[in-house]
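Shown next: input_14.txt, containing compact mmCIF, C-alpha atoms and all ligand atoms.
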# COMPACT_ATOMS: atom_id res chain seq x y z
CA MET A 2 -23.93 13.08 8.22
CA LEU A 3 -26.99 10.83 8.35
CA GLY A 4 -25.12 7.59 7.78
CA PRO A 5 -23.73 7.22 11.34
CA VAL A 6 -27.16 8.02 12.85
CA ILE A 7 -28.82 5.31 10.74
CA LEU A 8 -26.05 2.85 11.59
CA ALA A 9 -26.59 3.55 15.30
CA ALA A 10 -30.34 2.96 14.77
CA SER A 11 -29.52 -0.36 13.06
CA ARG A 12 -28.42 -1.63 16.50
CA SER A 13 -31.47 -0.28 18.40
CA ASP A 14 -34.20 -2.74 19.39
CA ARG A 15 -36.74 0.07 19.73
CA MET A 16 -36.09 1.30 16.18
CA ARG A 17 -36.13 -2.28 14.95
CA ARG A 18 -39.65 -2.77 16.35
CA LEU A 19 -40.89 0.58 15.02
CA ILE A 20 -39.51 0.25 11.51
CA SER A 21 -40.21 -3.45 11.08
CA ALA A 22 -43.87 -2.98 12.03
CA ALA A 23 -44.52 -0.02 9.70
CA PRO A 24 -46.59 -1.30 6.73
CA VAL A 25 -44.92 1.18 4.36
CA THR A 26 -41.50 -0.34 5.01
CA LYS A 27 -42.08 -3.52 3.03
CA PRO A 28 -42.07 -2.12 -0.55
CA VAL A 29 -38.81 -0.29 0.17
CA VAL A 30 -37.29 -3.41 1.75
CA ASP A 31 -38.23 -5.47 -1.32
CA ARG A 32 -35.84 -3.47 -3.48
CA PHE A 33 -32.89 -4.86 -1.49
CA ILE A 34 -34.27 -8.12 -0.04
CA PRO A 35 -36.46 -9.56 -2.77
CA GLY A 36 -37.99 -12.48 -0.87
CA GLU A 37 -38.76 -13.90 2.54
CA THR A 38 -38.95 -17.60 1.65
CA VAL A 39 -37.00 -20.04 -0.52
CA ASP A 40 -39.99 -20.23 -2.89
CA GLU A 41 -39.89 -16.46 -3.36
CA ILE A 42 -36.13 -16.30 -3.88
CA VAL A 43 -35.66 -19.18 -6.35
CA PRO A 44 -37.29 -17.34 -9.33
CA ILE A 45 -35.02 -14.36 -8.56
CA ILE A 46 -31.92 -16.59 -8.74
CA GLU A 47 -33.21 -18.16 -11.97
CA ASP A 48 -33.79 -14.72 -13.47
CA LEU A 49 -30.27 -13.56 -12.52
CA ALA A 50 -28.77 -16.80 -13.92
CA ALA A 51 -30.66 -16.25 -17.20
CA LYS A 52 -28.90 -12.86 -17.46
CA GLY A 53 -25.50 -14.54 -17.11
CA LEU A 54 -25.09 -13.54 -13.44
CA GLU A 55 -24.02 -15.69 -10.52
CA VAL A 56 -25.22 -15.15 -6.96
CA THR A 57 -24.02 -15.30 -3.41
CA MET A 58 -26.90 -15.97 -1.03
CA ASP A 59 -27.39 -14.31 2.34
CA VAL A 60 -30.11 -15.65 4.63
CA VAL A 61 -30.61 -12.39 6.54
CA GLY A 62 -30.23 -12.30 10.30
CA GLU A 63 -27.59 -11.32 12.84
CA ASP A 64 -27.24 -10.52 16.55
CA ILE A 65 -29.12 -13.64 17.61
CA THR A 66 -29.43 -14.33 21.34
CA THR A 67 -29.79 -18.11 21.81
CA PRO A 68 -28.00 -21.26 20.58
CA GLU A 69 -31.37 -22.46 19.21
CA GLN A 70 -31.54 -19.43 16.92
CA ALA A 71 -27.98 -20.15 15.77
CA ALA A 72 -28.94 -23.74 14.95
CA ALA A 73 -32.02 -22.47 13.08
CA ALA A 74 -29.77 -20.19 11.00
CA ARG A 75 -27.55 -23.14 10.12
CA ASP A 76 -30.62 -25.18 9.15
CA ALA A 77 -31.96 -22.36 6.98
CA TYR A 78 -28.72 -22.40 4.97
CA LEU A 79 -28.77 -26.19 4.74
CA ALA A 80 -32.37 -26.12 3.46
CA LEU A 81 -31.44 -23.48 0.89
CA ILE A 82 -28.48 -25.53 -0.34
CA GLY A 83 -30.74 -28.59 -0.62
CA HIS A 84 -33.23 -26.62 -2.75
CA LEU A 85 -30.53 -25.22 -5.01
CA GLU A 86 -29.15 -28.69 -5.58
CA GLU A 87 -32.59 -30.03 -6.55
CA LEU A 88 -33.02 -27.17 -9.01
CA GLY A 89 -29.57 -27.66 -10.52
CA LEU A 90 -28.55 -24.14 -9.47
CA GLY A 91 -25.84 -25.28 -7.04
CA THR A 92 -22.79 -24.17 -8.99
CA LYS A 93 -24.30 -20.74 -9.79
CA ALA A 94 -24.96 -19.89 -6.15
CA GLU A 95 -22.43 -19.58 -3.40
CA MET A 96 -23.31 -18.75 0.23
CA SER A 97 -22.41 -15.67 2.27
CA VAL A 98 -22.71 -16.10 6.01
CA LYS A 99 -22.51 -13.81 9.01
CA LEU A 100 -20.95 -15.64 11.95
CA SER A 101 -22.97 -13.55 14.43
CA MET A 102 -26.01 -15.39 13.08
CA PHE A 103 -24.28 -18.70 13.86
CA GLY A 104 -23.80 -17.78 17.51
CA GLN A 105 -20.40 -16.01 17.51
CA ALA A 106 -21.43 -13.44 20.15
CA LEU A 107 -22.91 -15.99 22.59
CA GLU A 108 -21.01 -17.65 25.43
CA GLY A 109 -18.48 -20.04 23.85
CA GLY A 110 -19.45 -18.32 20.63
CA HIS A 111 -16.25 -18.89 18.66
CA GLU A 112 -16.57 -22.69 18.94
CA LEU A 113 -20.36 -22.54 18.48
CA ALA A 114 -20.09 -20.48 15.28
CA LEU A 115 -17.41 -22.84 13.92
CA ALA A 116 -19.54 -25.90 14.77
CA ASN A 117 -22.59 -24.34 13.04
CA VAL A 118 -20.84 -23.06 9.95
CA ARG A 119 -18.86 -26.23 9.21
CA PRO A 120 -21.89 -28.31 8.04
CA VAL A 121 -22.91 -25.43 5.77
CA VAL A 122 -19.43 -25.35 4.20
CA GLU A 123 -19.53 -29.16 3.81
CA ALA A 124 -22.98 -29.08 2.19
CA ALA A 125 -21.92 -26.28 -0.16
CA ALA A 126 -18.79 -28.21 -1.19
CA ALA A 127 -20.92 -31.32 -1.84
CA ILE A 128 -22.91 -29.42 -4.51
CA GLY A 129 -19.81 -27.82 -6.02
CA THR A 130 -19.97 -24.39 -4.48
CA THR A 131 -18.33 -22.36 -1.71
CA VAL A 132 -19.03 -20.22 1.33
CA THR A 133 -17.71 -16.73 2.08
CA LEU A 134 -17.59 -15.40 5.64
CA ASP A 135 -18.92 -11.83 5.72
CA ALA A 136 -17.06 -9.23 7.77
CA GLU A 137 -19.04 -7.67 10.60
CA ASP A 138 -17.88 -5.08 13.14
CA HIS A 139 -14.17 -4.97 14.00
CA THR A 140 -14.55 -6.72 17.36
CA THR A 141 -15.61 -9.93 15.59
CA LEU A 142 -12.81 -10.16 13.04
CA ASP A 143 -10.07 -12.06 14.90
CA SER A 144 -12.59 -14.84 15.50
CA MET A 145 -13.83 -14.69 11.89
CA PHE A 146 -10.30 -14.95 10.46
CA ALA A 147 -9.45 -17.85 12.81
CA ILE A 148 -12.60 -19.71 11.71
CA HIS A 149 -11.76 -18.97 8.09
CA GLU A 150 -8.27 -20.43 8.51
CA GLU A 151 -9.66 -23.49 10.27
CA LEU A 152 -12.26 -24.14 7.54
CA ARG A 153 -9.69 -23.68 4.78
CA LYS A 154 -7.72 -26.68 6.09
CA ASP A 155 -10.49 -28.93 4.73
CA PHE A 156 -12.20 -26.52 2.30
CA PRO A 157 -9.55 -24.26 0.74
CA GLY A 158 -12.20 -22.49 -1.37
CA THR A 159 -13.81 -20.92 1.70
CA GLY A 160 -13.68 -17.15 1.29
CA CYS A 161 -13.71 -14.19 3.63
CA VAL A 162 -14.39 -10.47 3.48
CA ILE A 163 -12.03 -7.63 4.33
CA GLN A 164 -13.02 -4.00 4.84
CA ALA A 165 -10.93 -1.17 3.38
CA TYR A 166 -11.95 1.31 6.11
CA LEU A 167 -10.10 -0.62 8.86
CA PHE A 168 -6.44 0.20 9.53
CA ARG A 169 -5.71 -3.50 10.08
CA THR A 170 -6.87 -4.58 6.65
CA GLU A 171 -3.71 -3.94 4.62
CA ALA A 172 -1.88 -6.46 6.82
CA ASP A 173 -4.80 -8.92 6.59
CA ALA A 174 -4.78 -8.55 2.79
CA ARG A 175 -1.06 -9.36 2.56
CA ARG A 176 -1.53 -12.50 4.69
CA LEU A 177 -4.60 -13.69 2.75
CA ALA A 178 -3.07 -12.92 -0.65
CA ALA A 179 0.03 -14.96 0.24
CA SER A 180 -2.11 -17.88 1.42
CA GLY A 181 -4.02 -18.05 -1.88
CA SER A 182 -7.44 -17.40 -0.40
CA ARG A 183 -10.64 -16.20 -2.03
CA VAL A 184 -11.13 -12.71 -0.63
CA ARG A 185 -13.92 -10.19 -1.12
CA ILE A 186 -12.77 -6.61 -0.61
CA VAL A 187 -15.44 -4.05 0.37
CA LYS A 188 -15.32 -0.51 1.76
CA GLY A 189 -17.05 -1.46 5.04
CA ALA A 190 -20.61 -0.93 6.25
CA TYR A 191 -20.49 -0.68 10.08
CA LYS A 192 -20.12 2.29 12.42
CA GLU A 193 -16.48 2.08 13.50
CA PRO A 194 -14.50 4.42 15.79
CA ALA A 195 -11.66 6.63 14.55
CA SER A 196 -9.25 4.51 16.62
CA VAL A 197 -9.64 1.57 14.21
CA ALA A 198 -11.00 2.94 10.93
CA TYR A 199 -10.67 5.74 8.38
CA GLN A 200 -13.68 8.05 8.64
CA ASN A 201 -13.14 9.91 5.40
CA LYS A 202 -14.40 8.57 2.04
CA HIS A 203 -11.29 9.66 0.16
CA GLU A 204 -9.00 7.84 2.63
CA ILE A 205 -11.18 4.72 2.41
CA ASP A 206 -11.12 4.76 -1.39
CA LYS A 207 -7.32 5.13 -1.42
CA ALA A 208 -6.95 2.23 1.02
CA TYR A 209 -9.34 0.15 -1.12
CA VAL A 210 -7.12 0.61 -4.18
CA ARG A 211 -3.92 -0.26 -2.26
CA ILE A 212 -5.53 -3.42 -0.86
CA LEU A 213 -6.93 -4.42 -4.22
CA LYS A 214 -3.46 -4.14 -5.73
CA THR A 215 -2.10 -6.46 -3.01
CA LEU A 216 -4.84 -9.00 -3.72
CA MET A 217 -4.46 -8.84 -7.50
CA GLU A 218 -0.68 -9.28 -7.28
CA GLY A 219 -1.02 -12.16 -4.81
CA GLU A 220 -1.83 -15.84 -5.11
CA GLY A 221 -5.52 -15.76 -4.24
CA TYR A 222 -8.83 -15.04 -5.95
CA PRO A 223 -9.94 -11.40 -5.51
CA MET A 224 -13.65 -10.58 -5.38
CA ILE A 225 -14.29 -6.87 -5.90
CA GLY A 226 -17.34 -5.93 -3.85
CA SER A 227 -18.27 -2.39 -4.88
CA HIS A 228 -20.74 -0.34 -6.94
CA ASP A 229 -18.34 2.57 -7.26
CA PRO A 230 -17.68 3.24 -11.00
CA ARG A 231 -14.18 4.59 -10.24
CA ILE A 232 -13.23 1.53 -8.20
CA ILE A 233 -14.53 -0.76 -10.95
CA ALA A 234 -12.51 1.01 -13.66
CA ILE A 235 -9.37 1.00 -11.49
CA ALA A 236 -9.88 -2.70 -10.64
CA GLN A 237 -9.98 -3.59 -14.35
CA ASP A 238 -6.75 -1.68 -14.87
CA ILE A 239 -4.99 -3.26 -11.88
CA ALA A 240 -6.13 -6.75 -12.97
CA ARG A 241 -4.74 -6.17 -16.48
CA ARG A 242 -1.41 -4.91 -15.14
CA ALA A 243 -1.20 -7.90 -12.76
CA GLY A 244 -1.70 -10.20 -15.78
CA ARG A 245 -4.95 -11.65 -14.47
CA LYS A 246 -7.33 -13.29 -16.94
CA LEU A 247 -11.07 -12.56 -16.73
CA ASP A 248 -11.74 -15.78 -14.82
CA GLU A 249 -9.05 -15.05 -12.23
CA TYR A 250 -11.11 -12.47 -10.30
CA GLU A 251 -14.74 -11.40 -10.11
CA PHE A 252 -16.97 -8.42 -9.45
CA GLN A 253 -19.71 -8.54 -6.85
CA MET A 254 -22.58 -6.12 -6.24
CA LEU A 255 -25.65 -6.10 -4.02
CA TYR A 256 -29.05 -7.05 -5.38
CA GLY A 257 -31.08 -3.94 -6.23
CA ILE A 258 -28.12 -1.60 -6.60
CA ARG A 259 -26.86 -0.56 -10.08
CA SER A 260 -28.50 -3.60 -11.67
CA GLU A 261 -27.77 -2.38 -15.23
CA GLU A 262 -24.07 -2.41 -14.31
CA HIS A 263 -24.29 -6.09 -13.28
CA VAL A 264 -25.47 -6.97 -16.78
CA ARG A 265 -22.99 -4.66 -18.53
CA LEU A 266 -19.97 -6.18 -16.77
CA ALA A 267 -21.20 -9.72 -17.41
CA ALA A 268 -21.71 -8.88 -21.10
CA GLU A 269 -18.09 -7.67 -21.22
CA GLY A 270 -17.04 -11.18 -20.18
CA HIS A 271 -16.50 -10.50 -16.49
CA ARG A 272 -17.69 -12.89 -13.83
CA MET A 273 -20.35 -10.94 -11.94
CA ARG A 274 -21.90 -12.21 -8.73
CA VAL A 275 -24.97 -10.59 -7.18
CA TYR A 276 -25.19 -10.67 -3.39
CA THR A 277 -28.82 -11.65 -2.86
CA ALA A 278 -30.34 -11.45 0.59
CA TYR A 279 -33.59 -13.08 1.61
CA GLY A 280 -35.50 -13.95 4.77
CA THR A 281 -37.61 -12.27 7.41
CA ASP A 282 -34.98 -10.82 9.78
CA TRP A 283 -33.99 -8.08 7.35
CA TYR A 284 -33.73 -5.06 9.68
CA GLY A 285 -29.91 -4.79 10.11
CA TYR A 286 -29.18 -5.46 6.42
CA PHE A 287 -31.84 -2.96 5.32
CA MET A 288 -30.61 -0.19 7.64
CA ARG A 289 -27.03 -0.54 6.34
CA ARG A 290 -28.33 -0.08 2.79
CA LEU A 291 -30.16 3.10 3.88
CA ALA A 292 -27.02 4.40 5.58
CA GLU A 293 -24.92 3.92 2.45
CA LYS A 294 -26.96 6.32 0.36
CA PRO A 295 -28.97 9.29 1.65
CA ALA A 296 -31.24 9.09 -1.43
CA ASN A 297 -32.49 5.70 -0.17
CA LEU A 298 -33.53 7.34 3.07
CA ARG A 299 -35.31 10.17 1.22
CA PHE A 300 -37.18 7.55 -0.86
CA PHE A 301 -38.11 5.68 2.32
CA ALA A 302 -39.22 8.89 4.09
CA ARG A 303 -41.29 9.94 1.07
CA SER A 304 -43.07 6.58 0.99
CA ILE A 305 -44.01 7.06 4.66
CA LEU A 306 -45.20 10.64 4.15
CA THR A 307 -47.31 9.84 1.10
CA LYS A 308 -49.27 7.07 2.86
P1 LIG A 401 -19.88 3.88 -2.37
O1 LIG A 401 -20.58 3.81 -1.06
O2 LIG A 401 -18.88 4.95 -2.60
O3 LIG A 401 -20.99 3.94 -3.50
C1 LIG A 401 -20.69 4.11 -4.88
C2 LIG A 401 -22.00 4.25 -5.63
O4 LIG A 401 -22.72 3.03 -5.57
C3 LIG A 401 -22.97 5.29 -5.03
O5 LIG A 401 -22.70 6.58 -5.52
C4 LIG A 401 -24.29 4.75 -5.50
O6 LIG A 401 -24.54 5.08 -6.85
C5 LIG A 401 -24.12 3.26 -5.39
N1 LIG A 401 -24.53 2.74 -4.07
C6 LIG A 401 -23.75 2.30 -3.07
N2 LIG A 401 -24.49 1.85 -2.03
C7 LIG A 401 -25.77 2.05 -2.37
C8 LIG A 401 -27.00 1.79 -1.74
N3 LIG A 401 -27.07 1.24 -0.52
N4 LIG A 401 -28.15 2.10 -2.39
C9 LIG A 401 -28.11 2.66 -3.63
N5 LIG A 401 -26.97 2.92 -4.30
C10 LIG A 401 -25.83 2.63 -3.68
N6 LIG A 401 -19.75 -4.57 4.09
C11 LIG A 401 -19.25 -5.12 5.21
O7 LIG A 401 -18.90 -4.38 6.14
N7 LIG A 401 -19.13 -6.48 5.34
C12 LIG A 401 -19.46 -7.33 4.32
O8 LIG A 401 -19.33 -8.55 4.47
C13 LIG A 401 -19.98 -6.76 3.12
N8 LIG A 401 -20.34 -7.57 2.07
C14 LIG A 401 -20.64 -6.97 0.86
C15 LIG A 401 -20.83 -7.77 -0.28
C16 LIG A 401 -20.99 -7.18 -1.52
C17 LIG A 401 -21.13 -8.04 -2.74
C18 LIG A 401 -21.02 -5.75 -1.63
C19 LIG A 401 -21.17 -5.07 -2.97
C20 LIG A 401 -20.90 -4.96 -0.51
C21 LIG A 401 -20.73 -5.55 0.75
N9 LIG A 401 -20.59 -4.77 1.89
C22 LIG A 401 -20.12 -5.35 3.03
C23 LIG A 401 -20.99 -3.34 1.88
C24 LIG A 401 -19.82 -2.42 1.59
O9 LIG A 401 -18.96 -2.37 2.70
C25 LIG A 401 -20.30 -0.98 1.28
O10 LIG A 401 -20.98 -0.46 2.39
C26 LIG A 401 -21.20 -0.86 0.06
O11 LIG A 401 -20.79 -1.72 -0.96
C27 LIG A 401 -21.17 0.58 -0.50
O12 LIG A 401 -19.88 0.89 -0.94
P2 LIG A 401 -19.47 1.00 -2.49
O13 LIG A 401 -18.16 0.30 -2.67
O14 LIG A 401 -20.55 0.54 -3.35
O15 LIG A 401 -19.11 2.53 -2.72

Translate the structure of the given file into structure tokens.
Amino acid sequence: MLGPVILAASRSDRMRRLISAAPVTKPVVDRFIPGETVDEIVPIIEDLAAKGLEVTMDVVGEDITTPEQAAAARDAYLALIGHLEELGLGTKAEMSVKLSMFGQALEGGHELALANVRPVVEAAAAIGTTVTLDAEDHTTLDSMFAIHEELRKDFPGTGCVIQAYLFRTEADARRLAASGSRVRIVKGAYKEPASVAYQNKHEIDKAYVRILKTLMEGEGYPMIGSHDPRIIAIAQDIARRAGRKLDEYEFQMLYGIRSEEHVRLAAEGHRMRVYTAYGTDWYGYFMRRLAEKPANLRFFARSILTK
């Protein structure tokens, strides 16, 4: 019930100003976005690596309004990659990028986003790692998939994300599985209309399993983005039946959510990658995490009321 309201608020500038300015917000934000600067995030990556975990890094930010902001986003990723290389963490850390942050929604945005993301993909490849294009709302996906295809011509390891709640995704999964791509499958985190997406959790979970089966039986590299214990158990079963070895797929979870499960899966020999967000423009990312679990909102509300 609350999820859609919070997701609507995640797109409101007024709510953004209100929530971002509240001093009580910060400790709750830290659970999901554990740093604002490269210096703050590096020890977190080192700590995760020491536990046998890999990371995918998200420099938070989306819905930018000028080409200068898009260029700044590109430069933030390039600076991060440079730091990781210096610290020898390059191969442990891949990058996750949102094309909206690279200018996709601006005039000429498709070309602008491609021009901004390409140097990031090149820099990542130069230190032995990859980039995955996150999936945003459904109106952005044709452009995202076209950019993904374009980048794969030179960098075949470039990944993309597909969302089980969208009706279109089963067809996208078949195409991507046949082309041998790296693909992260997630349930989907945006507010989508009933004309394009399942609204019911049970339907979404069933679609997730069908899509996962397509990916596991295909030629590509499936990345299972979920914290759902049932999905994780089913994924292990589907992988086994598809004859996949442990290094032929991976699990991915968000930083701050079911952290003990990250370590457990890694200890079982699975490749586990933790999606780690950092930066100052955390509002949209934070609100989606609140929308996913009502208990997060209760925790947040309690921290406001007890101040
Ligand atoms: P589900 O929502 O059913 O949750 C299962 C259990 O996980 C819950 O019962 C709870 O215990 C725990 N949990 C889940 N979310 C939680 C939260 N916020 N706080 C606390 N506990 C929580 N989406 C998208 O649209 N585009 C994208 O590019 C990505 N990228 C992405 C990367 C990675 C690595 C992950 C794990 C997820 C994404 N997502 C995403 C988000 C995704 O679409 C989805 O909203 C969340 O993963 C929640 O769905 P679950 O599969 O975890 O199941």

_Within 7 Å of ligand LIG 401 (chain A) (counting only C-alpha atoms and all ligand atoms), which residues show up? I'd like them as number ranges by chain._
A: 135-137, 162, 164, 187-191, 226-230, 253-255, 258-259, 275-276, 290-294, 297

*Within 6 Å of (-31.8, -16.1, -4.0), all atoms listed in the file: residues as a PyMOL selection string?*
chain A and resi 42-43+45-46+58+277

*Between A:Gly36, A:Gly53, A:Pro68, A:Gly110, which has the minimum distance to A:Thr281 (counting only C-alpha atoms)?*
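When distances to A:Thr281 are compared using only C-alpha atoms, the smallest one comes from A:Gly36.
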
*Nearest to A:Glu55 among A:Ile128, A:Met96, A:Ala195, A:Ala23, with distances taken over only C-alpha atoms: which residue is it?*
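Counting only C-alpha atoms, the residue closest to A:Glu55 is A:Met96.
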
_Which of A:Phe252, A:Arg169, A:Ser13, A:Leu81 sits closest to A:Arg265 [using only C-alpha atoms]_ =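 Residue with the minimum atom-to-atom distance to A:Arg265: A:Phe252.
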
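The coordinates place atom CA of A:Gly219 at 4.7 Å from atom CA of A:Ala178.
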
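Computed from the coordinates, the atom CA of A:Thr66 to atom CA of A:Gly104 distance equals 7.6 Å.
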
*asked:* Report as a list in words all protein, DNA and RNA residues lying within 8 Å of A:Val98, evaluated on only C-alpha atoms, omitting residues in the same chain fewer than 5 positions from it.
replied: Asp59, Val60, Val132, Thr133, Leu134 and Asp135 of chain A

Mind dumping the selected residues with C-alpha atoms as a PDB file, in the coordinates of the input?
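Final output, part-v5.pdb:
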ATOM      1  CA  ASP A  59     -27.390 -14.310   2.340  1.00  0.00           C
ATOM      2  CA  VAL A  60     -30.110 -15.650   4.630  1.00  0.00           C
ATOM      3  CA  VAL A 132     -19.030 -20.220   1.330  1.00  0.00           C
ATOM      4  CA  THR A 133     -17.710 -16.730   2.080  1.00  0.00           C
ATOM      5  CA  LEU A 134     -17.590 -15.400   5.640  1.00  0.00           C
ATOM      6  CA  ASP A 135     -18.920 -11.830   5.720  1.00  0.00           C
TER       7      ASP A 135
END

_I'd like the contact shell of A:Met224 - 8 Å cut-off, all atoms listed in the file, skipping same-chain residues fewer than 5 positions apart - returned as an MDAnalysis selection string._
chainID A and resid 183:186 250:253

*Give me, please, the distance in Å between atom CA of A:Met16 and atom CA of A:Gly285, quoted to one decimal.*
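Interatomic distance, atom CA of A:Met16 to atom CA of A:Gly285: 10.6 Å.
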
*Got a sec: who's within 8 Å of A:Gly221, counting only C-alpha atoms, leaving out chain neighbours fewer than 3 positions off, as a list in words?*
Leu177, Ala178, Ala179, Ser180, Gly181, Ser182, Arg183, Val184, Leu216 and Met217 of chain A

*Between A:Ala127, A:Met288, A:Leu247, A:Met145, which has the minimum distance to A:Gly160 (counting only C-alpha atoms)?*
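Closest residue, counting only C-alpha atoms: A:Met145.
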